[in-house]
Structure formats: C-alpha cells, structure tokens
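**Q** The structure file start33.json (JSON, C-alpha atoms) is provided below.
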[["chain", "number", "residue", "atom", "x", "y", "z"],
["A", 200, "MET", "CA", -32.50, 57.51, -12.39],
["A", 201, "ASN", "CA", -29.75, 57.52, -9.76],
["A", 202, "ALA", "CA", -28.85, 60.79, -8.07],
["A", 203, "ILE", "CA", -25.37, 62.17, -8.66],
["A", 204, "THR", "CA", -23.65, 64.88, -6.68],
["A", 205, "ALA", "CA", -22.07, 67.89, -8.34],
["A", 206, "GLU", "CA", -18.68, 66.69, -7.07],
["A", 207, "ASP", "CA", -19.13, 63.25, -8.68],
["A", 208, "PHE", "CA", -20.32, 64.87, -11.92],
["A", 209, "LEU", "CA", -17.25, 67.11, -12.10],
["A", 210, "LYS", "CA", -14.87, 64.23, -11.36],
["A", 211, "LYS", "CA", -16.46, 62.06, -14.06],
["A", 212, "THR", "CA", -15.90, 64.84, -16.60],
["A", 213, "GLY", "CA", -12.23, 65.27, -15.64],
["A", 214, "MET", "CA", -12.28, 68.20, -13.20],
["A", 215, "GLU", "CA", -10.39, 67.29, -10.04],
["A", 216, "GLU", "CA", -10.24, 70.81, -8.56],
["A", 217, "PRO", "CA", -12.94, 72.12, -6.24],
["A", 218, "MET", "CA", -15.57, 74.29, -7.89],
["A", 219, "ALA", "CA", -18.22, 76.60, -6.46],
["A", 220, "PRO", "CA", -21.22, 78.50, -7.84],
["A", 221, "GLY", "CA", -20.19, 81.52, -9.89],
["A", 222, "MET", "CA", -17.00, 79.92, -11.23],
["A", 223, "VAL", "CA", -15.83, 79.13, -14.74],
["A", 224, "LYS", "CA", -12.79, 76.88, -15.17],
["A", 225, "TYR", "CA", -10.88, 75.71, -18.23],
["A", 226, "LYS", "CA", -9.03, 72.46, -18.84],
["A", 227, "HIS", "CA", -6.79, 72.52, -21.95],
["A", 228, "VAL", "CA", -6.10, 69.24, -23.74],
["A", 229, "ARG", "CA", -3.41, 69.11, -26.42],
["A", 230, "GLY", "CA", -4.18, 66.61, -29.16],
["A", 231, "ASP", "CA", -1.67, 64.24, -30.74],
["A", 232, "LYS", "CA", -2.58, 65.41, -34.22],
["A", 233, "GLU", "CA", -3.11, 68.83, -35.74],
["A", 234, "GLY", "CA", -6.67, 69.98, -35.12],
["A", 235, "GLY", "CA", -7.14, 67.63, -32.18],
["A", 236, "SER", "CA", -6.59, 70.11, -29.35],
["A", 237, "TYR", "CA", -9.57, 71.27, -27.34],
["A", 238, "THR", "CA", -10.65, 73.02, -24.16],
["A", 239, "VAL", "CA", -13.16, 71.72, -21.65],
["A", 240, "VAL", "CA", -15.12, 74.65, -20.18],
["A", 241, "TYR", "CA", -16.73, 74.12, -16.78],
["A", 242, "ASP", "CA", -19.36, 76.85, -16.38],
["A", 243, "TRP", "CA", -21.24, 77.34, -13.12],
["A", 244, "ARG", "CA", -21.68, 81.07, -13.66],
["A", 245, "SER", "CA", -24.10, 81.46, -16.57],
["A", 246, "ASP", "CA", -26.88, 79.62, -14.71],
["A", 247, "LEU", "CA", -26.40, 78.92, -11.00],
["A", 248, "ASP", "CA", -28.98, 76.13, -11.21],
["A", 249, "LYS", "CA", -26.82, 74.20, -13.71],
["A", 250, "ILE", "CA", -23.24, 73.15, -14.19],
["A", 251, "ARG", "CA", -22.43, 73.07, -17.91],
["A", 252, "VAL", "CA", -19.43, 71.17, -19.25],
["A", 253, "GLU", "CA", -18.65, 72.06, -22.85],
["A", 254, "VAL", "CA", -15.90, 70.92, -25.20],
["A", 255, "ARG", "CA", -14.64, 73.66, -27.52],
["A", 256, "ALA", "CA", -12.18, 73.31, -30.40],
["A", 257, "GLY", "CA", -8.76, 74.85, -29.83],
["A", 258, "LEU", "CA", -6.93, 75.94, -26.70],
["A", 259, "THR", "CA", -8.35, 79.44, -26.20],
["A", 260, "GLY", "CA", -11.57, 78.40, -24.46],
["A", 261, "GLN", "CA", -13.52, 80.50, -26.98],
["A", 262, "HIS", "CA", -15.51, 79.23, -29.96],
["A", 263, "PRO", "CA", -13.29, 79.51, -33.03],
["A", 264, "PRO", "CA", -14.66, 81.39, -36.05],
["A", 265, "LYS", "CA", -16.68, 79.17, -38.41],
["A", 266, "ALA", "CA", -14.05, 79.56, -41.13],
["A", 267, "GLU", "CA", -11.45, 77.93, -38.83],
["A", 268, "LEU", "CA", -13.60, 74.98, -37.73],
["A", 269, "LYS", "CA", -12.58, 72.96, -40.79],
["A", 270, "ASN", "CA", -9.07, 72.76, -39.28],
["A", 271, "TYR", "CA", -10.32, 70.70, -36.33],
["A", 272, "ALA", "CA", -11.40, 67.09, -35.94],
["A", 273, "VAL", "CA", -14.99, 66.44, -37.03],
["A", 274, "TRP", "CA", -16.21, 65.77, -33.47],
["A", 275, "LEU", "CA", -14.98, 69.25, -32.45],
["A", 276, "GLN", "CA", -16.90, 71.00, -35.23],
["A", 277, "THR", "CA", -20.28, 70.70, -33.47],
["A", 278, "GLN", "CA", -21.52, 71.70, -30.04],
["A", 279, "ASN", "CA", -20.45, 69.19, -27.42],
["A", 280, "TYR", "CA", -21.82, 69.77, -23.94],
["A", 281, "LEU", "CA", -23.74, 68.29, -21.05],
["A", 282, "GLU", "CA", -25.41, 69.89, -18.04],
["A", 283, "LEU", "CA", -26.17, 68.89, -14.49],
["A", 284, "ASP", "CA", -29.42, 70.51, -13.40],
["A", 285, "LEU", "CA", -29.18, 71.45, -9.72],
["A", 286, "ALA", "CA", -32.58, 73.17, -9.53],
["A", 287, "GLU", "CA", -34.36, 70.22, -7.94],
["A", 288, "ILE", "CA", -31.57, 69.27, -5.54],
["A", 289, "GLN", "CA", -32.11, 70.39, -1.97],
["A", 290, "GLY", "CA", -29.25, 71.21, 0.37],
["A", 291, "ASN", "CA", -25.64, 71.37, -0.74],
["A", 292, "ALA", "CA", -24.81, 70.40, -4.29]]
With the file now loaded, output its structure as structure tokens.

**A**
Amino acid sequence: MNAITAEDFLKKTGMEEPMAPGMVKYKHVRGDKEGGSYTVVYDWRSDLDKIRVEVRAGLTGQHPPKAELKNYAVWLQTQNYLELDLAEIQGNA
C-alpha cells in the first residue's frame, strides 16, 4: 500500500483549508434536489491518531433524527465515513 500524507488525504476528500490536530471542520454541500444536501465533517478531535471524514445528511453537521432520514437520498441514510490512521506514521502528519 502506498503511503499518503494527511494533507493529501484531506485534499482528496475536498478540504482545501489547513487542518491541525484537535480541529473539527464542516463543509456544507447544497444538493440540486430536495433531500440531496449534506455536510462533510472533518474530525481530528475525537481521536488524535485518526482523521475521520464523515458525510452526514442535511446542512447542520449533526445526524438528523431517524424519522427525518426518509427525506434524504438513499446514500445519505446510512453511515458514510472513512478514516486515515496516523498512529503508525512517524514525524509530522
């Protein structure tokens, strides 16, 4: 497997701003159709050994109540995330 830097990982997921350990950032994406809007949550605070990128339905950045999930596109009704594990990387991430 090829190594990837944290900076490259963030850029590939759409985050162009600098990010440091302990930060959480939100990128809001308005959909063309009703129920297609979502928020990308970049979390480097919950676990400093991992950067988690999660897609959440809606524009609040919070998980909507289960009763409201039916109003969103099917792909937004399940957990959508990926993580970059920094635990084994030595030096700057």

**Q** Taking all atoms listed in the file into account, name the residue in A:Val252, A:Gly260, A:Met222, A:Phe208 that is nearest to Tyr237 in chain A.

**A**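 For Tyr237 in chain A, the nearest of the given residues is A:Gly260.
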
**Q** Within 10 Å of Leu209 in chain A, counting all atoms listed in the file, which residues show up once you throw out same-chain ones fewer than 2 positions away? Write them as a PyMOL selection string, please.

**A** chain A and resi 204-207+211-218+241+250-252+283

**Q** Next, write the just-selected residues to a file, as a PDB file, in the frame of the given file, keeping C-alpha atoms as the atom set.

**A**
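Once everything was written out, this is selection-v6.pdb:
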ATOM      1  CA  THR A 204     -23.650  64.880  -6.680  1.00  0.00           C
ATOM      2  CA  ALA A 205     -22.070  67.890  -8.340  1.00  0.00           C
ATOM      3  CA  GLU A 206     -18.680  66.690  -7.070  1.00  0.00           C
ATOM      4  CA  ASP A 207     -19.130  63.250  -8.680  1.00  0.00           C
ATOM      5  CA  LYS A 211     -16.460  62.060 -14.060  1.00  0.00           C
ATOM      6  CA  THR A 212     -15.900  64.840 -16.600  1.00  0.00           C
ATOM      7  CA  GLY A 213     -12.230  65.270 -15.640  1.00  0.00           C
ATOM      8  CA  MET A 214     -12.280  68.200 -13.200  1.00  0.00           C
ATOM      9  CA  GLU A 215     -10.390  67.290 -10.040  1.00  0.00           C
ATOM     10  CA  GLU A 216     -10.240  70.810  -8.560  1.00  0.00           C
ATOM     11  CA  PRO A 217     -12.940  72.120  -6.240  1.00  0.00           C
ATOM     12  CA  MET A 218     -15.570  74.290  -7.890  1.00  0.00           C
ATOM     13  CA  TYR A 241     -16.730  74.120 -16.780  1.00  0.00           C
ATOM     14  CA  ILE A 250     -23.240  73.150 -14.190  1.00  0.00           C
ATOM     15  CA  ARG A 251     -22.430  73.070 -17.910  1.00  0.00           C
ATOM     16  CA  VAL A 252     -19.430  71.170 -19.250  1.00  0.00           C
ATOM     17  CA  LEU A 283     -26.170  68.890 -14.490  1.00  0.00           C
TER      18      LEU A 283
END

**Q** Could you pull out every residue with an atom within 12 Å of (-11.7, 77.7, -19.2), file coordinates, counting all atoms listed in the file, and send them as an MDAnalysis selection string?

**A** chainID A and resid 214 222:228 237:244 251:255 257:262

**Q** One decimal, in Å: what's the spacing between CA of Lys249 in chain A and CA of Ser236 in chain A?

**A** 25.9 Å

**Q** Between CA of Asp248 in chain A and CA of Lys210 in chain A, what is the distance, to one decimal in Å?

**A** 18.5 Å

**Q** May I ask which of the residues A:Gln278, A:Ala256, A:Ala266, A:Leu285 is the closest one to Glu233 in chain A, counting all atoms listed in the file?

**A**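 Using all atoms listed in the file, the shortest distance to Glu233 in chain A belongs to A:Ala256.
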
**Q** Of the residues A:Arg229, A:Asp246, A:Gly234, A:Ala219, which is the one nearest to Val273 in chain A, using only C-alpha atoms?

**A** A:Gly234

**Q** In Å, how far is it from CA of Gly230 in chain A to CA of Trp274 in chain A?

**A**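 The value is 12.8 Å.
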